[in-house]
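S.K.: Sharing protein23.pdb below, PDB, C-alpha atoms and all ligand atoms:
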```pdb
ATOM      1  CA  MET A   9       7.996 -19.749   5.807
ATOM      2  CA  ASN A  10       7.860 -16.201   4.493
ATOM      3  CA  HIS A  11       7.531 -16.128   0.683
ATOM      4  CA  LEU A  12       6.725 -12.429   0.206
ATOM      5  CA  TYR A  13       8.852 -10.325  -2.146
ATOM      6  CA  PRO A  14       8.459  -6.558  -1.608
ATOM      7  CA  ILE A  15       8.524  -4.094  -4.502
ATOM      8  CA  PHE A  16       8.018  -0.301  -4.675
ATOM      9  CA  LEU A  17       5.279   0.604  -7.108
ATOM     10  CA  LYS A  18       4.884   3.880  -9.031
ATOM     11  CA  VAL A  19       1.177   4.031  -8.290
ATOM     12  CA  HIS A  20       0.996   7.550  -9.725
ATOM     13  CA  GLU A  21       1.698   5.916 -13.116
ATOM     14  CA  LEU A  22      -0.497   2.842 -12.598
ATOM     15  CA  ASN A  23      -4.263   2.486 -12.484
ATOM     16  CA  VAL A  24      -5.558   1.239  -9.154
ATOM     17  CA  LEU A  25      -9.160   0.077  -8.655
ATOM     18  CA  LEU A  26     -10.551   0.104  -5.103
ATOM     19  CA  ILE A  27     -13.980  -1.430  -4.506
ATOM     20  CA  GLY A  28     -15.750  -0.387  -1.297
ATOM     21  CA  GLY A  29     -16.099   3.015   0.283
ATOM     22  CA  GLY A  30     -16.659   2.060   3.931
ATOM     23  CA  ASN A  31     -14.304   1.885   6.921
ATOM     24  CA  VAL A  32     -11.799  -0.466   5.336
ATOM     25  CA  GLY A  33     -11.934   1.304   1.952
ATOM     26  CA  THR A  34     -11.204   4.569   3.793
ATOM     27  CA  GLU A  35      -8.231   3.033   5.627
ATOM     28  CA  LYS A  36      -6.769   1.533   2.452
ATOM     29  CA  LEU A  37      -7.165   4.775   0.453
ATOM     30  CA  SER A  38      -5.828   6.831   3.340
ATOM     31  CA  PHE A  39      -2.550   4.874   3.582
ATOM     32  CA  LEU A  40      -2.223   4.698  -0.196
ATOM     33  CA  LEU A  41      -2.509   8.478  -0.486
ATOM     34  CA  LYS A  42      -0.330   9.143   2.570
ATOM     35  CA  SER A  43       2.513   7.300   0.893
ATOM     36  CA  SER A  44       1.673   8.159  -2.727
ATOM     37  CA  PRO A  45      -0.375  11.394  -2.810
ATOM     38  CA  GLU A  46      -0.764  11.283  -6.614
ATOM     39  CA  ALA A  47      -1.824   7.629  -6.801
ATOM     40  CA  GLN A  48      -4.286   7.107  -9.656
ATOM     41  CA  VAL A  49      -7.244   5.463  -7.953
ATOM     42  CA  THR A  50     -10.745   4.693  -9.215
ATOM     43  CA  VAL A  51     -13.145   3.796  -6.416
ATOM     44  CA  VAL A  52     -16.370   1.898  -7.073
ATOM     45  CA  ALA A  53     -18.864   1.520  -4.224
ATOM     46  CA  LYS A  54     -22.604   1.282  -3.782
ATOM     47  CA  GLU A  55     -22.242   3.900  -1.053
ATOM     48  CA  PHE A  56     -19.413   6.061   0.270
ATOM     49  CA  ASN A  57     -19.404   6.871   3.972
ATOM     50  CA  ALA A  58     -18.742  10.372   5.352
ATOM     51  CA  ASP A  59     -15.084   9.703   6.280
ATOM     52  CA  PHE A  60     -14.422   8.339   2.823
ATOM     53  CA  MET A  61     -15.961  11.416   1.169
ATOM     54  CA  GLU A  62     -13.922  13.727   3.378
ATOM     55  CA  LEU A  63     -10.721  11.928   2.390
ATOM     56  CA  ALA A  64     -11.440  11.641  -1.349
ATOM     57  CA  THR A  65     -13.070  14.989  -2.063
ATOM     58  CA  GLY A  66     -10.882  17.411  -3.974
ATOM     59  CA  LYS A  67      -8.219  14.824  -4.890
ATOM     60  CA  ASP A  68      -7.686  15.095  -8.647
ATOM     61  CA  SER A  69      -6.167  11.632  -9.008
ATOM     62  CA  VAL A  70      -9.098   9.907  -7.250
ATOM     63  CA  THR A  71     -12.237   9.113  -9.275
ATOM     64  CA  LEU A  72     -15.412   8.028  -7.496
ATOM     65  CA  ILE A  73     -18.057   5.852  -9.162
ATOM     66  CA  GLU A  74     -21.238   5.191  -7.191
ATOM     67  CA  ASP A  75     -22.261   1.769  -8.461
ATOM     68  CA  ALA A  76     -22.250  -1.918  -7.624
ATOM     69  CA  TYR A  77     -19.070  -3.715  -8.714
ATOM     70  CA  HIS A  78     -19.089  -4.982 -12.300
ATOM     71  CA  GLU A  79     -16.232  -6.664 -14.132
ATOM     72  CA  LYS A  80     -16.210  -3.832 -16.682
ATOM     73  CA  TYR A  81     -14.481  -1.722 -13.999
ATOM     74  CA  LEU A  82     -11.401  -3.969 -14.215
ATOM     75  CA  GLY A  83     -10.683  -2.635 -17.726
ATOM     76  CA  GLY A  84      -7.312  -0.845 -17.896
ATOM     77  CA  LYS A  85      -6.453  -1.521 -14.241
ATOM     78  CA  HIS A  86      -3.083  -2.825 -13.024
ATOM     79  CA  ILE A  87      -3.953  -3.416  -9.375
ATOM     80  CA  VAL A  88      -7.240  -4.116  -7.586
ATOM     81  CA  ILE A  89      -8.116  -3.802  -3.899
ATOM     82  CA  ALA A  90     -11.410  -5.420  -2.825
ATOM     83  CA  ALA A  91     -12.790  -3.881   0.366
ATOM     84  CA  THR A  92     -16.522  -4.535   0.289
ATOM     85  CA  ASP A  93     -18.363  -6.131   3.213
ATOM     86  CA  ASP A  94     -19.731  -8.838   0.905
ATOM     87  CA  LYS A  95     -17.486 -11.918   0.841
ATOM     88  CA  LYS A  96     -19.129 -13.263  -2.321
ATOM     89  CA  VAL A  97     -18.468  -9.997  -4.165
ATOM     90  CA  ASN A  98     -14.876  -9.919  -2.901
ATOM     91  CA  LEU A  99     -14.357 -13.469  -4.211
ATOM     92  CA  GLN A 100     -15.933 -12.557  -7.554
ATOM     93  CA  ILE A 101     -13.621  -9.535  -7.828
ATOM     94  CA  ARG A 102     -10.628 -11.712  -7.027
ATOM     95  CA  ASN A 103     -11.572 -14.375  -9.611
ATOM     96  CA  GLU A 104     -12.311 -11.868 -12.365
ATOM     97  CA  ALA A 105      -9.052 -10.014 -11.643
ATOM     98  CA  LYS A 106      -7.064 -13.272 -11.738
ATOM     99  CA  GLU A 107      -8.582 -14.152 -15.145
ATOM    100  CA  ARG A 108      -7.066 -10.891 -16.397
ATOM    101  CA  PHE A 109      -3.717 -11.350 -14.593
ATOM    102  CA  ILE A 110      -4.389  -8.207 -12.532
ATOM    103  CA  LEU A 111      -2.766  -8.209  -9.075
ATOM    104  CA  VAL A 112      -5.457  -8.299  -6.389
ATOM    105  CA  ASN A 113      -5.719  -7.630  -2.640
ATOM    106  CA  VAL A 114      -8.795  -8.732  -0.701
ATOM    107  CA  ALA A 115      -8.631  -6.773   2.536
ATOM    108  CA  ASP A 116     -10.374  -9.290   4.799
ATOM    109  CA  THR A 117      -9.034 -12.527   3.276
ATOM    110  CA  PRO A 118      -5.250 -13.029   3.185
ATOM    111  CA  GLU A 119      -5.589 -16.359   1.294
ATOM    112  CA  LEU A 120      -7.168 -14.490  -1.635
ATOM    113  CA  CYS A 121      -4.462 -11.800  -1.834
ATOM    114  CA  ASP A 122      -1.692 -11.682  -4.458
ATOM    115  CA  PHE A 123      -0.070  -9.001  -2.320
ATOM    116  CA  TYR A 124      -0.493  -7.385   1.093
ATOM    117  CA  LEU A 125      -0.434  -3.714   1.893
ATOM    118  CA  GLY A 126       2.204  -2.899   4.486
ATOM    119  CA  GLY A 127       3.062  -0.376   7.129
ATOM    120  CA  ILE A 128       5.030   2.380   5.378
ATOM    121  CA  VAL A 129       7.627   4.826   6.702
ATOM    122  CA  THR A 130       8.628   7.729   4.471
ATOM    123  CA  LYS A 131      11.504  10.127   5.215
ATOM    124  CA  GLY A 132      12.002  12.082   2.007
ATOM    125  CA  ASN A 133      13.608   9.701  -0.479
ATOM    126  CA  LEU A 134      13.770   6.877   2.017
ATOM    127  CA  LYS A 135      10.830   4.506   2.095
ATOM    128  CA  ILE A 136      10.549   1.443   4.304
ATOM    129  CA  ALA A 137       7.737  -1.070   3.909
ATOM    130  CA  ILE A 138       6.836  -3.424   6.762
ATOM    131  CA  SER A 139       4.965  -6.704   6.663
ATOM    132  CA  THR A 140       4.427  -9.416   9.237
ATOM    133  CA  ASN A 141       3.524 -11.985   6.576
ATOM    134  CA  GLY A 142      -0.122 -11.291   7.427
ATOM    135  CA  LYS A 143       0.367 -12.495  11.020
ATOM    136  CA  SER A 144      -0.106  -9.233  12.907
ATOM    137  CA  PRO A 145      -1.081  -6.037  11.031
ATOM    138  CA  THR A 146      -1.068  -4.219  14.373
ATOM    139  CA  THR A 147       2.627  -5.033  14.796
ATOM    140  CA  ALA A 148       3.270  -3.626  11.305
ATOM    141  CA  LYS A 149       1.481  -0.447  12.448
ATOM    142  CA  ARG A 150       3.439  -0.211  15.717
ATOM    143  CA  LEU A 151       6.782  -0.742  13.953
ATOM    144  CA  ARG A 152       5.813   1.926  11.420
ATOM    145  CA  GLN A 153       5.101   4.358  14.278
ATOM    146  CA  LEU A 154       8.365   3.456  16.019
ATOM    147  CA  LEU A 155      10.494   3.947  12.888
ATOM    148  CA  GLU A 156       8.707   7.218  12.052
ATOM    149  CA  GLU A 157       9.724   8.410  15.508
ATOM    150  CA  VAL A 158      13.342   7.219  15.659
ATOM    151  CA  LEU A 159      14.547   7.845  12.099
ATOM    152  CA  PRO A 160      15.637  11.498  11.844
ATOM    153  CA  GLU A 161      14.333  13.697   9.003
ATOM    154  CA  GLU A 162      18.011  14.480   8.267
ATOM    155  CA  ILE A 163      18.453  10.990   6.863
ATOM    156  CA  ASP A 164      17.165  12.480   3.624
ATOM    157  CA  ASP A 165      20.078  14.992   3.583
ATOM    158  CA  LEU A 166      22.454  12.054   3.770
ATOM    159  CA  LEU A 167      20.780  10.444   0.751
ATOM    160  CA  GLU A 168      20.870  13.718  -1.214
ATOM    161  CA  ASN A 169      24.560  14.255  -0.396
ATOM    162  CA  LEU A 170      25.499  10.721  -1.361
ATOM    163  CA  HIS A 171      23.510  11.136  -4.568
ATOM    164  CA  SER A 172      25.440  14.342  -5.424
ATOM    165  CA  TYR A 173      28.742  12.595  -4.746
ATOM    166  CA  ARG A 174      27.646   9.607  -6.876
ATOM    167  CA  GLU A 175      26.937  11.999  -9.775
ATOM    168  CA  THR A 176      30.540  13.270  -9.631
ATOM    169  CA  LEU A 177      32.071   9.786 -10.011
ATOM    170  CA  LYS A 178      33.477   9.405 -13.509
ATOM    171  CA  GLY A 179      34.953   5.881 -13.493
ATOM    172  CA  ASP A 180      33.473   2.584 -14.637
ATOM    173  CA  PHE A 181      30.889   0.577 -12.685
ATOM    174  CA  GLU A 182      33.513  -1.256 -10.608
ATOM    175  CA  TYR A 183      35.157   2.023  -9.612
ATOM    176  CA  LYS A 184      31.795   3.499  -8.561
ATOM    177  CA  VAL A 185      30.892   0.457  -6.467
ATOM    178  CA  LYS A 186      34.252   0.694  -4.674
ATOM    179  CA  ALA A 187      34.030   4.466  -4.108
ATOM    180  CA  MET A 188      30.451   4.376  -2.784
ATOM    181  CA  ASN A 189      31.210   1.439  -0.489
ATOM    182  CA  GLU A 190      34.324   3.094   0.919
ATOM    183  CA  LEU A 191      32.488   6.339   1.614
ATOM    184  CA  THR A 192      29.593   4.636   3.415
ATOM    185  CA  GLU A 193      31.634   2.074   5.354
ATOM    186  CA  GLY A 194      31.269   4.072   8.573
ATOM    187  CA  LEU A 195      27.458   3.806   8.376
ATOM    188  CA  VAL A 196      27.608   0.089   9.168
ATOM    189  CA  GLY A 197      30.322   0.468  11.745
ATOM    190  CA  LYS A 198      33.060  -1.378   9.816
ATOM    191  CA  LYS A 199      36.644  -0.200  10.229
TER     192      LYS A 199
HETATM  193  C1  LIG B   1      -3.118  -9.539   5.311
HETATM  194  C2  LIG B   1      -3.446  -8.024   5.276
HETATM  195  C3  LIG B   1      -4.124  -7.827   3.915
HETATM  196  C4  LIG B   1      -4.281  -6.377   3.522
HETATM  197  O1  LIG B   1      -5.239  -5.759   3.990
HETATM  198  O2  LIG B   1      -3.428  -5.903   2.730
HETATM  199  C5  LIG B   1      -4.358  -7.578   6.399
HETATM  200  C6  LIG B   1      -5.426  -8.322   6.859
HETATM  201  C7  LIG B   1      -6.250  -8.041   7.960
HETATM  202  N1  LIG B   1      -6.183  -6.910   8.754
HETATM  203  C8  LIG B   1      -7.086  -7.018   9.766
HETATM  204  C9  LIG B   1      -7.248  -6.097  10.824
HETATM  205  C10 LIG B   1      -6.469  -4.949  11.078
HETATM  206  N2  LIG B   1      -5.617  -4.328  10.172
HETATM  207  C11 LIG B   1      -5.011  -3.271  10.776
HETATM  208  C12 LIG B   1      -4.101  -2.396  10.145
HETATM  209  C13 LIG B   1      -3.416  -2.564   8.947
HETATM  210  N3  LIG B   1      -3.485  -3.681   8.173
HETATM  211  C14 LIG B   1      -2.554  -3.650   7.194
HETATM  212  C15 LIG B   1      -2.269  -4.693   6.322
HETATM  213  C16 LIG B   1      -2.823  -5.962   6.252
HETATM  214  N4  LIG B   1      -3.984  -6.338   6.874
HETATM  215  C17 LIG B   1      -2.238  -7.086   5.445
HETATM  216  C18 LIG B   1      -1.087  -7.781   6.203
HETATM  217  C19 LIG B   1       0.093  -6.893   6.523
HETATM  218  C20 LIG B   1       1.220  -7.661   7.157
HETATM  219  O3  LIG B   1       1.797  -8.532   6.465
HETATM  220  O4  LIG B   1       1.583  -7.391   8.315
HETATM  221  C21 LIG B   1      -1.720  -2.385   7.292
HETATM  222  C22 LIG B   1      -0.294  -2.751   7.721
HETATM  223  C23 LIG B   1      -1.591  -1.629   5.950
HETATM  224  C24 LIG B   1      -2.895  -1.063   5.365
HETATM  225  O5  LIG B   1      -3.994  -1.463   5.720
HETATM  226  O6  LIG B   1      -2.745  -0.154   4.508
HETATM  227  C25 LIG B   1      -2.517  -1.542   8.343
HETATM  228  C26 LIG B   1      -1.645  -0.742   9.355
HETATM  229  C27 LIG B   1      -1.109   0.490   8.659
HETATM  230  C28 LIG B   1      -0.392   1.459   9.548
HETATM  231  O7  LIG B   1      -0.963   1.952  10.543
HETATM  232  O8  LIG B   1       0.753   1.805   9.199
HETATM  233  C29 LIG B   1      -5.465  -3.210  12.142
HETATM  234  C30 LIG B   1      -4.896  -2.265  13.198
HETATM  235  C31 LIG B   1      -5.468  -0.898  13.224
HETATM  236  O9  LIG B   1      -6.195  -0.488  12.308
HETATM  237  O10 LIG B   1      -5.164  -0.228  14.237
HETATM  238  C32 LIG B   1      -6.413  -4.232  12.321
HETATM  239  C33 LIG B   1      -7.221  -4.560  13.598
HETATM  240  C34 LIG B   1      -6.459  -5.465  14.532
HETATM  241  C35 LIG B   1      -6.335  -6.904  14.024
HETATM  242  O11 LIG B   1      -7.362  -7.534  13.698
HETATM  243  O12 LIG B   1      -5.176  -7.384  13.954
HETATM  244  C36 LIG B   1      -7.831  -8.210   9.592
HETATM  245  C37 LIG B   1      -8.956  -8.702  10.512
HETATM  246  C38 LIG B   1     -10.318  -8.214   9.961
HETATM  247  C39 LIG B   1     -11.482  -8.712  10.742
HETATM  248  O13 LIG B   1     -11.338  -9.239  11.855
HETATM  249  O14 LIG B   1     -12.604  -8.588  10.191
HETATM  250  C40 LIG B   1      -7.324  -8.856   8.458
HETATM  251  C41 LIG B   1      -7.760 -10.160   7.860
HETATM  252  C42 LIG B   1      -7.061 -11.323   8.463
HETATM  253  O15 LIG B   1      -5.995 -11.203   9.049
HETATM  254  O16 LIG B   1      -7.611 -12.448   8.304
HETATM  255  N1  LIG B   2      -7.997  -5.796   6.188
HETATM  256  C1  LIG B   2      -8.386  -5.047   7.174
HETATM  257  O1  LIG B   2      -7.624  -4.176   7.592
HETATM  258  C2  LIG B   2      -9.756  -5.218   7.789
HETATM  259  C3  LIG B   2     -10.757  -5.887   7.126
HETATM  260  N2  LIG B   2     -12.079  -5.933   7.611
HETATM  261  C4  LIG B   2     -13.142  -6.595   6.788
HETATM  262  O2  LIG B   2     -13.422  -5.768   5.639
HETATM  263  C5  LIG B   2     -14.826  -5.820   5.247
HETATM  264  C6  LIG B   2     -15.426  -4.417   5.045
HETATM  265  O3  LIG B   2     -15.626  -3.771   6.297
HETATM  266  P1  LIG B   2     -16.094  -2.230   6.408
HETATM  267  O4  LIG B   2     -15.292  -1.396   5.468
HETATM  268  O5  LIG B   2     -16.091  -1.905   7.842
HETATM  269  O6  LIG B   2     -17.612  -2.292   5.863
HETATM  270  P2  LIG B   2     -18.529  -1.035   5.484
HETATM  271  O7  LIG B   2     -19.944  -1.503   5.616
HETATM  272  O8  LIG B   2     -18.100   0.201   6.203
HETATM  273  O9  LIG B   2     -18.210  -0.776   3.944
HETATM  274  C7  LIG B   2     -18.526  -1.687   2.931
HETATM  275  C8  LIG B   2     -18.445  -0.967   1.608
HETATM  276  O10 LIG B   2     -18.605  -1.925   0.545
HETATM  277  C9  LIG B   2     -19.525  -1.392  -0.389
HETATM  278  N3  LIG B   2     -20.143  -2.492  -1.134
HETATM  279  C10 LIG B   2     -20.829  -3.563  -0.650
HETATM  280  N4  LIG B   2     -21.212  -4.361  -1.676
HETATM  281  C11 LIG B   2     -20.763  -3.777  -2.820
HETATM  282  C12 LIG B   2     -20.832  -4.110  -4.207
HETATM  283  N5  LIG B   2     -21.473  -5.203  -4.632
HETATM  284  N6  LIG B   2     -20.243  -3.279  -5.098
HETATM  285  C13 LIG B   2     -19.590  -2.156  -4.703
HETATM  286  N7  LIG B   2     -19.499  -1.786  -3.387
HETATM  287  C14 LIG B   2     -20.076  -2.593  -2.481
HETATM  288  C15 LIG B   2     -20.515  -0.596   0.429
HETATM  289  O11 LIG B   2     -21.245   0.313  -0.382
HETATM  290  C16 LIG B   2     -19.529   0.102   1.385
HETATM  291  O12 LIG B   2     -18.967   1.235   0.746
HETATM  292  C17 LIG B   2     -15.497  -6.627   6.331
HETATM  293  O13 LIG B   2     -15.772  -7.886   5.755
HETATM  294  C18 LIG B   2     -14.477  -6.743   7.479
HETATM  295  O14 LIG B   2     -14.517  -8.018   8.077
HETATM  296  C19 LIG B   2     -12.361  -5.301   8.774
HETATM  297  C20 LIG B   2     -11.386  -4.642   9.516
HETATM  298  C21 LIG B   2     -10.014  -4.567   9.066
END
```
So that I can check it, write out the structure of this file as structure tokens.
M.R.:
Amino acid sequence: MNHLYPIFLKVHELNVLLIGGGNVGTEKLSFLLKSSPEAQVTVVAKEFNADFMELATGKDSVTLIEDAYHEKYLGGKHIVIAATDDKKVNLQIRNEAKERFILVNVADTPELCDFYLGGIVTKGNLKIAISTNGKSPTTAKRLRQLLEEVLPEEIDDLLENLHSYRETLKGDFEYKVKAMNELTEGLVGKK
């Protein structure tokens, strides 16, 4: 059974806390910033590795704190990603986040996650998020690569044009629904 419900977060308007600045921390920050370059991220780690520093240096929206995790760092955060190599610390982060009703992801332990990070395809205004329900992250990656390849950049022109047309519609809600559906009927191959 797949119970996951995907949403699209405005992470440039939310405060994200990432704990861990190693390989996994680098991967998580890298995909977060690839999709959301202005994401507001505070990173706490005892040490940051060279790749992490290269990625984070010069990014105004990323704040680095060289310290061991402490619950005080949860203050004012909406979302937490635990990516340390210490399972006990990851569990502590998860429990202290849950006490505060903060959504938490523990990179190496799906059972402890409130949400998973997904493979993400961006073509201008179009964004597609891919999950395999935690079963095969590599498949999520491969599907992301495939869709990046096959979806044309021009798909964004289509969205912009449809948006302009939508702005010109003056009728009530029902009229707009009908007009937009008629115009886009050909996209799904219906006659
Ligand atoms: C549950 C989840 C929780 C979470 O991290 O959010 C999770 C968990 C785990 N990942 C593990 C390993 C790997 N993860 C990747 C890659 C990605 N992992 C991502 C998401 C997720 N990974 C969530 C589920 C997503 C879903 O529902 O499908 C992606 C999509 C997004 C992102 O990371 O931002 C990103 C691809 C991004 C892209 O390229 O587009 C690769 C492949 C590679 O790097 O080439 C490997 C190595 C191969 C392998 O092991 O499969 C391990 C074992 C750790 C160990 O053995 O120690 C666990 C733990 C476990 O499964 O128990
Ligand atoms: N979800 C995923 O995609 C994957 C998850 N993993 C798992 O993720 C974990 C981390 O792996 P790596 O990043 O390779 O380890 P790493 O050794 O490269 O990095 C660990 C980081 O955690 C920090 N850290 C450790 N204790 C801390 C504390 N108390 N407070 C603050 N920071 C602390 C270290 O300073 C370092 O920055 C491992 O347990 C591994 O099994 C591994 C591969 C993929």
S.K.: On this structure, the PyMOL selection byres (((not hetatm)) within 10 of (chain B and resi 2)) would catch which residues? List them as an mmCIF file with C-alpha atoms, keeping the file's coordinate frame, sorted by chain and number.
M.R.:
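Output file part20.cif is given in full below:
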```cif
data_model
loop_
_atom_site.group_PDB
_atom_site.id
_atom_site.type_symbol
_atom_site.label_atom_id
_atom_site.label_comp_id
_atom_site.auth_asym_id
_atom_site.auth_seq_id
_atom_site.Cartn_x
_atom_site.Cartn_y
_atom_site.Cartn_z
ATOM 1 C CA LEU A 26 -10.551 0.104 -5.103
ATOM 2 C CA ILE A 27 -13.980 -1.430 -4.506
ATOM 3 C CA GLY A 28 -15.750 -0.387 -1.297
ATOM 4 C CA GLY A 29 -16.099 3.015 0.283
ATOM 5 C CA GLY A 30 -16.659 2.060 3.931
ATOM 6 C CA ASN A 31 -14.304 1.885 6.921
ATOM 7 C CA VAL A 32 -11.799 -0.466 5.336
ATOM 8 C CA GLY A 33 -11.934 1.304 1.952
ATOM 9 C CA THR A 34 -11.204 4.569 3.793
ATOM 10 C CA GLU A 35 -8.231 3.033 5.627
ATOM 11 C CA LYS A 36 -6.769 1.533 2.452
ATOM 12 C CA VAL A 51 -13.145 3.796 -6.416
ATOM 13 C CA VAL A 52 -16.370 1.898 -7.073
ATOM 14 C CA ALA A 53 -18.864 1.520 -4.224
ATOM 15 C CA LYS A 54 -22.604 1.282 -3.782
ATOM 16 C CA GLU A 55 -22.242 3.900 -1.053
ATOM 17 C CA PHE A 56 -19.413 6.061 0.270
ATOM 18 C CA ASN A 57 -19.404 6.871 3.972
ATOM 19 C CA ASP A 59 -15.084 9.703 6.280
ATOM 20 C CA PHE A 60 -14.422 8.339 2.823
ATOM 21 C CA ILE A 73 -18.057 5.852 -9.162
ATOM 22 C CA GLU A 74 -21.238 5.191 -7.191
ATOM 23 C CA ASP A 75 -22.261 1.769 -8.461
ATOM 24 C CA ALA A 76 -22.250 -1.918 -7.624
ATOM 25 C CA TYR A 77 -19.070 -3.715 -8.714
ATOM 26 C CA HIS A 78 -19.089 -4.982 -12.300
ATOM 27 C CA ALA A 90 -11.410 -5.420 -2.825
ATOM 28 C CA ALA A 91 -12.790 -3.881 0.366
ATOM 29 C CA THR A 92 -16.522 -4.535 0.289
ATOM 30 C CA ASP A 93 -18.363 -6.131 3.213
ATOM 31 C CA ASP A 94 -19.731 -8.838 0.905
ATOM 32 C CA LYS A 95 -17.486 -11.918 0.841
ATOM 33 C CA LYS A 96 -19.129 -13.263 -2.321
ATOM 34 C CA VAL A 97 -18.468 -9.997 -4.165
ATOM 35 C CA ASN A 98 -14.876 -9.919 -2.901
ATOM 36 C CA GLN A 100 -15.933 -12.557 -7.554
ATOM 37 C CA ILE A 101 -13.621 -9.535 -7.828
ATOM 38 C CA ASN A 113 -5.719 -7.630 -2.640
ATOM 39 C CA VAL A 114 -8.795 -8.732 -0.701
ATOM 40 C CA ALA A 115 -8.631 -6.773 2.536
ATOM 41 C CA ASP A 116 -10.374 -9.290 4.799
ATOM 42 C CA THR A 117 -9.034 -12.527 3.276
ATOM 43 C CA PRO A 118 -5.250 -13.029 3.185
ATOM 44 C CA TYR A 124 -0.493 -7.385 1.093
ATOM 45 C CA LEU A 125 -0.434 -3.714 1.893
ATOM 46 C CA GLY A 142 -0.122 -11.291 7.427
ATOM 47 C CA PRO A 145 -1.081 -6.037 11.031
ATOM 48 C CA THR A 146 -1.068 -4.219 14.373
#
```
S.K.: Pick out the closest residue to Leu63 in chain A from this set: A:Gly127, A:Gly132, A:Pro160, A:Pro45. Count all atoms listed in the file.
M.R.: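 Of A:Gly127, A:Gly132, A:Pro160, A:Pro45, the one nearest Leu63 in chain A, counting all atoms listed in the file, is A:Pro45.
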S.K.: Could you give me, as a PyMOL selection string, the residues that sit within 12 Å of (9.3, -7.7, -4.1) in the file's coordinates, counting all atoms listed in the file?
M.R.: chain A and resi 11-17+122-124+137-139
S.K.: Could you state the separation of CA of Phe181 in chain A and CA of Asp165 in chain A in Å, given to one decimal place?
M.R.: 24.3 Å
S.K.: Just so the selection is clear, what residues does the PyMOL selection byres (((chain A and resi 159) around 12) and not hetatm) cover here, as a PyMOL selection string?
M.R.: chain A and resi 129-132+134-136+151-158+160-164
S.K.: May I have the residues from that selection written out with C-alpha atoms, as a compact mmCIF listing (two decimals), in the coordinates of the input?
M.R.:
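Output contents, as saved in selection35.txt:
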```txt
# COMPACT_ATOMS: atom_id res chain seq x y z
CA VAL A 129 7.63 4.83 6.70
CA THR A 130 8.63 7.73 4.47
CA LYS A 131 11.50 10.13 5.22
CA GLY A 132 12.00 12.08 2.01
CA LEU A 134 13.77 6.88 2.02
CA LYS A 135 10.83 4.51 2.10
CA ILE A 136 10.55 1.44 4.30
CA LEU A 151 6.78 -0.74 13.95
CA ARG A 152 5.81 1.93 11.42
CA GLN A 153 5.10 4.36 14.28
CA LEU A 154 8.36 3.46 16.02
CA LEU A 155 10.49 3.95 12.89
CA GLU A 156 8.71 7.22 12.05
CA GLU A 157 9.72 8.41 15.51
CA VAL A 158 13.34 7.22 15.66
CA PRO A 160 15.64 11.50 11.84
CA GLU A 161 14.33 13.70 9.00
CA GLU A 162 18.01 14.48 8.27
CA ILE A 163 18.45 10.99 6.86
CA ASP A 164 17.16 12.48 3.62
```
S.K.: What gap, in Å, lies between CA of Leu111 in chain A and atom N3 of ligand LIG 1 (chain B)?
M.R.: 17.8 Å
S.K.: Given 8 Å of margin on each side, can you work out the centre and size in Å (one decimal) of an axis-aligned box holding every listed atom of ligand LIG 1 (chain B), as AutoDock Vina command-line options?
M.R.:
```
--center_x -5.4 --center_y -5.2 --center_z 8.6 --size_x 30.4 --size_y 30.4 --size_z 27.8
```
S.K.: Taking all atoms listed in the file into account, name the residue in A:Arg150, A:Arg102, A:Lys178, A:Lys80 that is nearest to ligand LIG 1 (chain B).
M.R.: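 With all atoms listed in the file as the atom set, the closest residue is A:Arg150.
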S.K.: Quick one: residues within 12 Å of range 170-172 of chain A, all atoms listed in the file counted, chain neighbours fewer than 3 positions away excluded, as a list in words?
M.R.: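 The residues satisfying every condition are Asn133, Ile163, Asp164, Asp165, Leu166, Leu167, Glu175, Thr176, Leu177, Lys184, Ala187, Met188, Asn189, Glu190, Leu191 and Thr192 of chain A.
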S.K.: A:Phe39, A:Tyr183, A:Val88, A:Leu25: which is nearest Leu72 in chain A, counting only C-alpha atoms?
M.R.: A:Leu25
S.K.: Select, from A:Gly126, A:Ser38, A:Glu79, A:Leu22, the residue with the minimum atom-to-atom distance to Glu104 in chain A, counting all atoms listed in the file.
M.R.: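 Once distances to Glu104 in chain A are computed over all atoms listed in the file, the minimum belongs to A:Glu79.
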S.K.: Closest to Ile87 in chain A among A:Lys149, A:Lys106, A:Lys143, A:Lys186, using all atoms listed in the file?
M.R.: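 Using all atoms listed in the file, Ile87 in chain A sits closest to A:Lys106.
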S.K.: Using only C-alpha atoms and all ligand atoms, find the one residue out of A:Ala148, A:Val112, A:Val185, A:Leu120 that sits nearest to ligand LIG 1 (chain B).
M.R.: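 The closest residue to ligand LIG 1 (chain B) is A:Ala148.
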S.K.: Missing atoms in range 65-69 of chain A should be modelled up to N, CA and C atoms and reported as a CSV table (one decimal), keeping the file's coordinate frame.
M.R.:
```csv
chain,number,residue,atom,x,y,z
A,65,THR,N,-12.6,13.8,-1.4
A,65,THR,CA,-13.1,15.0,-2.1
A,65,THR,C,-11.9,15.9,-2.4
A,66,GLY,N,-11.9,16.4,-3.6
A,66,GLY,CA,-10.9,17.4,-4.0
A,66,GLY,C,-9.6,16.8,-4.4
A,67,LYS,N,-9.5,15.5,-4.4
A,67,LYS,CA,-8.2,14.8,-4.9
A,67,LYS,C,-8.4,14.5,-6.4
A,68,ASP,N,-7.6,15.2,-7.2
A,68,ASP,CA,-7.7,15.1,-8.6
A,68,ASP,C,-7.4,13.7,-9.2
A,69,SER,N,-6.5,13.0,-8.5
A,69,SER,CA,-6.2,11.6,-9.0
A,69,SER,C,-7.1,10.5,-8.5
```
